[in-house]
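K.L.:
So that you have it, the file is target.pdb, and it contains PDB, C-alpha atoms:
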ATOM      1  CA  MET A   1     -35.832   4.654 -92.061  1.00  0.00           C
ATOM      2  CA  GLU A   2     -34.181   5.821 -95.262  1.00  0.00           C
ATOM      3  CA  LYS A   3     -30.944   3.835 -95.402  1.00  0.00           C
ATOM      4  CA  PHE A   4     -32.325   0.471 -94.222  1.00  0.00           C
ATOM      5  CA  ARG A   5     -35.467  -1.579 -94.826  1.00  0.00           C
ATOM      6  CA  LEU A   6     -36.876  -4.868 -93.540  1.00  0.00           C
ATOM      7  CA  LYS A   7     -37.095  -7.903 -95.836  1.00  0.00           C
ATOM      8  CA  ASP A   8     -40.062 -10.279 -95.711  1.00  0.00           C
ATOM      9  CA  ASP A   9     -38.243 -12.535 -93.224  1.00  0.00           C
ATOM     10  CA  MET A  10     -37.711  -9.560 -90.831  1.00  0.00           C
ATOM     11  CA  GLU A  11     -34.053  -9.126 -91.788  1.00  0.00           C
ATOM     12  CA  TRP A  12     -32.508  -5.657 -92.196  1.00  0.00           C
ATOM     13  CA  VAL A  13     -31.174  -4.755 -95.677  1.00  0.00           C
ATOM     14  CA  CYS A  14     -28.986  -1.754 -96.573  1.00  0.00           C
ATOM     15  CA  CYS A  15     -30.721   0.383 -99.222  1.00  0.00           C
ATOM     16  CA  GLN A  16     -27.373   1.760-100.445  1.00  0.00           C
ATOM     17  CA  CYS A  17     -25.511  -1.490-101.233  1.00  0.00           C
ATOM     18  CA  GLY A  18     -28.113  -4.267-100.731  1.00  0.00           C
ATOM     19  CA  SER A  19     -26.100  -6.021 -97.994  1.00  0.00           C
ATOM     20  CA  THR A  20     -27.785  -7.965 -95.201  1.00  0.00           C
ATOM     21  CA  ASP A  21     -24.613  -7.804 -93.059  1.00  0.00           C
ATOM     22  CA  ILE A  22     -26.088  -5.235 -90.663  1.00  0.00           C
ATOM     23  CA  THR A  23     -25.083  -4.541 -87.058  1.00  0.00           C
ATOM     24  CA  ASP A  24     -27.971  -3.565 -84.800  1.00  0.00           C
ATOM     25  CA  ASN A  25     -26.556  -1.284 -82.065  1.00  0.00           C
ATOM     26  CA  SER A  26     -29.976  -0.544 -80.590  1.00  0.00           C
ATOM     27  CA  PRO A  27     -29.985  -0.461 -76.782  1.00  0.00           C
ATOM     28  CA  GLU A  28     -32.721  -1.908 -74.611  1.00  0.00           C
ATOM     29  CA  PRO A  29     -35.586   0.605 -74.236  1.00  0.00           C
ATOM     30  CA  GLU A  30     -35.515   2.829 -71.140  1.00  0.00           C
ATOM     31  CA  THR A  31     -38.490   2.177 -68.872  1.00  0.00           C
ATOM     32  CA  THR A  32     -39.973   3.653 -65.727  1.00  0.00           C
ATOM     33  CA  GLU A  33     -42.792   2.464 -63.508  1.00  0.00           C
ATOM     34  CA  VAL A  34     -45.945   4.523 -63.021  1.00  0.00           C
ATOM     35  CA  TYR A  35     -49.170   3.890 -61.133  1.00  0.00           C
ATOM     36  CA  GLN A  36     -52.031   3.052 -63.464  1.00  0.00           C
ATOM     37  CA  GLU A  37     -55.576   1.802 -62.922  1.00  0.00           C
ATOM     38  CA  VAL A  38     -55.864  -1.758 -64.187  1.00  0.00           C
ATOM     39  CA  PRO A  39     -58.664  -4.361 -63.931  1.00  0.00           C
ATOM     40  CA  ASP A  40     -58.183  -6.816 -61.063  1.00  0.00           C
ATOM     41  CA  GLY A  41     -60.058  -9.666 -62.794  1.00  0.00           C
ATOM     42  CA  TYR A  42     -63.135  -9.248 -60.591  1.00  0.00           C
ATOM     43  CA  GLY A  43     -64.623  -6.206 -62.329  1.00  0.00           C
ATOM     44  CA  ASP A  44     -62.883  -3.600 -60.179  1.00  0.00           C
ATOM     45  CA  LEU A  45     -60.044  -1.233 -61.023  1.00  0.00           C
ATOM     46  CA  ILE A  46     -56.967  -1.158 -58.813  1.00  0.00           C
ATOM     47  CA  GLU A  47     -53.875   1.035 -58.897  1.00  0.00           C
ATOM     48  CA  LYS A  48     -50.777  -0.934 -59.826  1.00  0.00           C
ATOM     49  CA  LEU A  49     -47.201  -0.080 -60.784  1.00  0.00           C
ATOM     50  CA  VAL A  50     -46.747  -0.849 -64.484  1.00  0.00           C
ATOM     51  CA  PRO A  51     -43.620  -0.414 -66.658  1.00  0.00           C
ATOM     52  CA  VAL A  52     -43.828   2.291 -69.342  1.00  0.00           C
ATOM     53  CA  ILE A  53     -41.275   2.744 -72.147  1.00  0.00           C
ATOM     54  CA  THR A  54     -39.868   6.268 -71.888  1.00  0.00           C
ATOM     55  CA  GLU A  55     -37.097   6.178 -74.500  1.00  0.00           C
ATOM     56  CA  SER A  56     -36.371   3.829 -77.368  1.00  0.00           C
ATOM     57  CA  TYR A  57     -34.453   4.037 -80.628  1.00  0.00           C
ATOM     58  CA  ILE A  58     -32.979   1.967 -83.464  1.00  0.00           C
ATOM     59  CA  SER A  59     -29.297   2.302 -84.380  1.00  0.00           C
ATOM     60  CA  LEU A  60     -28.118   0.338 -87.445  1.00  0.00           C
ATOM     61  CA  GLU A  61     -24.794   0.125 -89.312  1.00  0.00           C
ATOM     62  CA  CYS A  62     -23.996  -1.648 -92.584  1.00  0.00           C
ATOM     63  CA  ASN A  63     -20.785  -3.667 -92.257  1.00  0.00           C
ATOM     64  CA  GLN A  64     -20.150  -3.502 -96.022  1.00  0.00           C
ATOM     65  CA  CYS A  65     -20.543   0.195 -96.954  1.00  0.00           C
ATOM     66  CA  GLN A  66     -20.572   1.637 -93.383  1.00  0.00           C
ATOM     67  CA  ALA A  67     -23.945   3.376 -93.837  1.00  0.00           C
ATOM     68  CA  LYS A  68     -25.380   4.347 -90.445  1.00  0.00           C
ATOM     69  CA  GLU A  69     -28.834   5.420 -89.314  1.00  0.00           C
ATOM     70  CA  PHE A  70     -30.341   6.367 -85.989  1.00  0.00           C
ATOM     71  CA  GLU A  71     -34.087   6.754 -85.424  1.00  0.00           C
ATOM     72  CA  ALA A  72     -36.073   7.463 -82.270  1.00  0.00           C
ATOM     73  CA  LEU A  73     -39.240   5.454 -81.825  1.00  0.00           C
TER      74      LEU A  73
END
Take the structure in the file and give it back as C-alpha coordinates.

P.N.:
Amino acid sequence: MEKFRLKDDMEWVCCQCGSTDITDNSPEPETTEVYQEVPDGYGDLIEKLVPVITESYISLECNQCQAKEFEAL
(Lines of atoms letter the chains of each structure in order from A and count residues from 1; the text may use other names and numbers.)
(Lines give C-alpha, C1' and ligand atoms only; values in the text may rest on other atoms or scores of the structure.)
Protein backbone atom coordinates (compact mmCIF):
# COMPACT_ATOMS: atom_id res chain seq x y z
CA MET A 1 0.00 0.00 0.00
CA GLU A 2 1.30 3.45 -0.87
CA LYS A 3 -0.94 5.80 1.09
CA PHE A 4 -1.12 3.79 4.34
CA ARG A 5 1.30 1.77 6.46
CA LEU A 6 1.07 -0.32 9.63
CA LYS A 7 2.67 0.89 12.87
CA ASP A 8 4.41 -1.51 15.25
CA ASP A 9 1.19 -1.99 17.24
CA MET A 10 -0.69 -3.04 14.05
CA GLU A 11 -2.44 0.31 13.68
CA TRP A 12 -2.93 1.93 10.25
CA VAL A 13 -1.23 5.31 9.67
CA CYS A 14 -1.84 7.70 6.75
CA CYS A 15 1.44 8.35 4.89
CA GLN A 16 0.16 11.71 3.61
CA CYS A 17 -0.78 13.42 6.90
CA GLY A 18 0.42 11.01 9.64
CA SER A 19 -3.08 10.53 11.11
CA THR A 20 -4.12 7.29 12.79
CA ASP A 21 -7.83 8.18 12.40
CA ILE A 22 -8.38 5.63 9.63
CA THR A 23 -11.65 3.96 8.59
CA ASP A 24 -11.26 0.37 7.43
CA ASN A 25 -14.05 -0.30 4.89
CA SER A 26 -12.74 -3.77 4.04
CA PRO A 27 -15.51 -6.35 3.59
CA GLU A 28 -15.35 -9.91 4.85
CA PRO A 29 -13.49 -12.12 2.34
CA GLU A 30 -15.63 -14.03 -0.17
CA THR A 31 -15.31 -17.79 0.28
CA THR A 32 -16.49 -20.92 -1.47
CA GLU A 33 -16.28 -24.56 -0.48
CA VAL A 34 -14.34 -27.08 -2.55
CA TYR A 35 -13.58 -30.76 -2.07
CA GLN A 36 -10.00 -31.33 -0.99
CA GLU A 37 -8.08 -34.38 0.23
CA VAL A 38 -7.23 -33.94 3.90
CA PRO A 39 -5.71 -36.32 6.49
CA ASP A 40 -8.31 -38.05 8.65
CA GLY A 41 -5.99 -38.42 11.67
CA TYR A 42 -5.48 -42.15 11.07
CA GLY A 43 -2.97 -41.89 8.22
CA ASP A 44 -5.52 -41.91 5.41
CA LEU A 45 -6.66 -39.12 3.11
CA ILE A 46 -10.36 -38.35 2.80
CA GLU A 47 -12.23 -35.90 0.60
CA LYS A 48 -13.80 -33.11 2.62
CA LEU A 49 -15.47 -29.79 1.83
CA VAL A 50 -13.13 -26.99 2.95
CA PRO A 51 -13.64 -23.20 2.70
CA VAL A 52 -11.33 -21.38 0.26
CA ILE A 53 -10.99 -17.58 0.05
CA THR A 54 -11.87 -16.52 -3.49
CA GLU A 55 -11.85 -12.72 -3.18
CA SER A 56 -10.42 -10.39 -0.57
CA TYR A 57 -9.33 -6.76 -0.48
CA ILE A 58 -8.42 -3.88 1.84
CA SER A 59 -10.22 -0.54 1.56
CA LEU A 60 -8.93 2.29 3.79
CA GLU A 61 -9.84 5.97 4.16
CA CYS A 62 -8.13 8.67 6.23
CA ASN A 63 -10.70 10.69 8.18
CA GLN A 64 -8.37 13.71 8.37
CA CYS A 65 -7.15 14.27 4.78
CA GLN A 66 -9.63 11.92 3.00
CA ALA A 67 -6.87 9.85 1.34
CA LYS A 68 -8.30 6.56 0.07
CA GLU A 69 -6.70 3.32 -1.08
CA PHE A 70 -8.03 0.02 -2.33
CA GLU A 71 -5.87 -3.09 -2.73
CA ALA A 72 -6.77 -6.64 -3.72
CA LEU A 73 -5.10 -9.38 -1.74

K.L.:
For Glu71 (chain A), which of A:Asp9, A:Ser59, A:Ile46, A:Tyr35 is the closest residue, counting all atoms listed in the file?

P.N.:
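Answer, going by the shortest atom-to-atom distance: A:Ser59.
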
K.L.:
May I have the protein, DNA and RNA residues with any atom at most 12 Å from the point (-35.2, 1.1, -96.9), counting only C-alpha atoms, written as an NGL selection string?

P.N.:
:A and (1-7 or 11-20 or 60 or 67 or 69)

K.L.:
Give me, please, the distance in Å between CA of Asp8 (chain A) and CA of Pro27 (chain A), quoted to one decimal.

P.N.:
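A separation of 23.6 Å between them.
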
K.L.:
Could you give me, as a PyMOL selection string, the residues within 7 Å of Asp21 (chain A), counting all atoms listed in the file and dropping anything in the same chain fewer than 2 positions from it?

P.N.:
chain A and resi 19+23+62-64

K.L.:
Can I get the selected residues back with C-alpha atoms, as a PDB file, in the coordinates of the input?

P.N.:
ATOM      1  CA  SER A  19     -26.100  -6.021 -97.994  1.00  0.00           C
ATOM      2  CA  THR A  23     -25.083  -4.541 -87.058  1.00  0.00           C
ATOM      3  CA  CYS A  62     -23.996  -1.648 -92.584  1.00  0.00           C
ATOM      4  CA  ASN A  63     -20.785  -3.667 -92.257  1.00  0.00           C
ATOM      5  CA  GLN A  64     -20.150  -3.502 -96.022  1.00  0.00           C
TER       6      GLN A  64
END

K.L.:
In Å, rounded to a single decimal, give me how far CA of Tyr57 (chain A) is from CA of Leu73 (chain A).

P.N.:
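CA of Leu73 (chain A) sits 5.1 Å away from CA of Tyr57 (chain A).
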
K.L.:
Work out how far CA of Ser56 (chain A) is from CA of Val38 (chain A), in Å to one decimal.

P.N.:
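If I compute the distance from CA of Val38 (chain A) to CA of Ser56 (chain A), I get 24.2 Å.
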
K.L.:
Need the axis-aligned box for region 42-50 of chain A with 5 Å each side, so what are the centre and edges in Å to one decimal, as lines of an AutoDock Vina configuration file?

P.N.:
center_x = -55.7
center_y = -4.1
center_z = -61.6
size_x = 27.9
size_y = 20.3
size_z = 15.7

K.L.:
Taking the file as shown, what set of residues would the PyMOL selection byres ((chain A and resi 51) around 6) give back, as a list in words?

P.N.:
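When the PyMOL selection byres ((chain A and resi 51) around 6) is applied to the shown file, the picked residues are Thr32, Glu33, Val50 and Val52 of chain A.
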
K.L.:
Pick the closest to Asp24 (chain A) from A:Ile58, A:Ala72, A:Gln66, A:Gln36: which is it, counting all atoms listed in the file?

P.N.:
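Among the listed residues, the smallest separation from Asp24 (chain A) belongs to A:Ile58.
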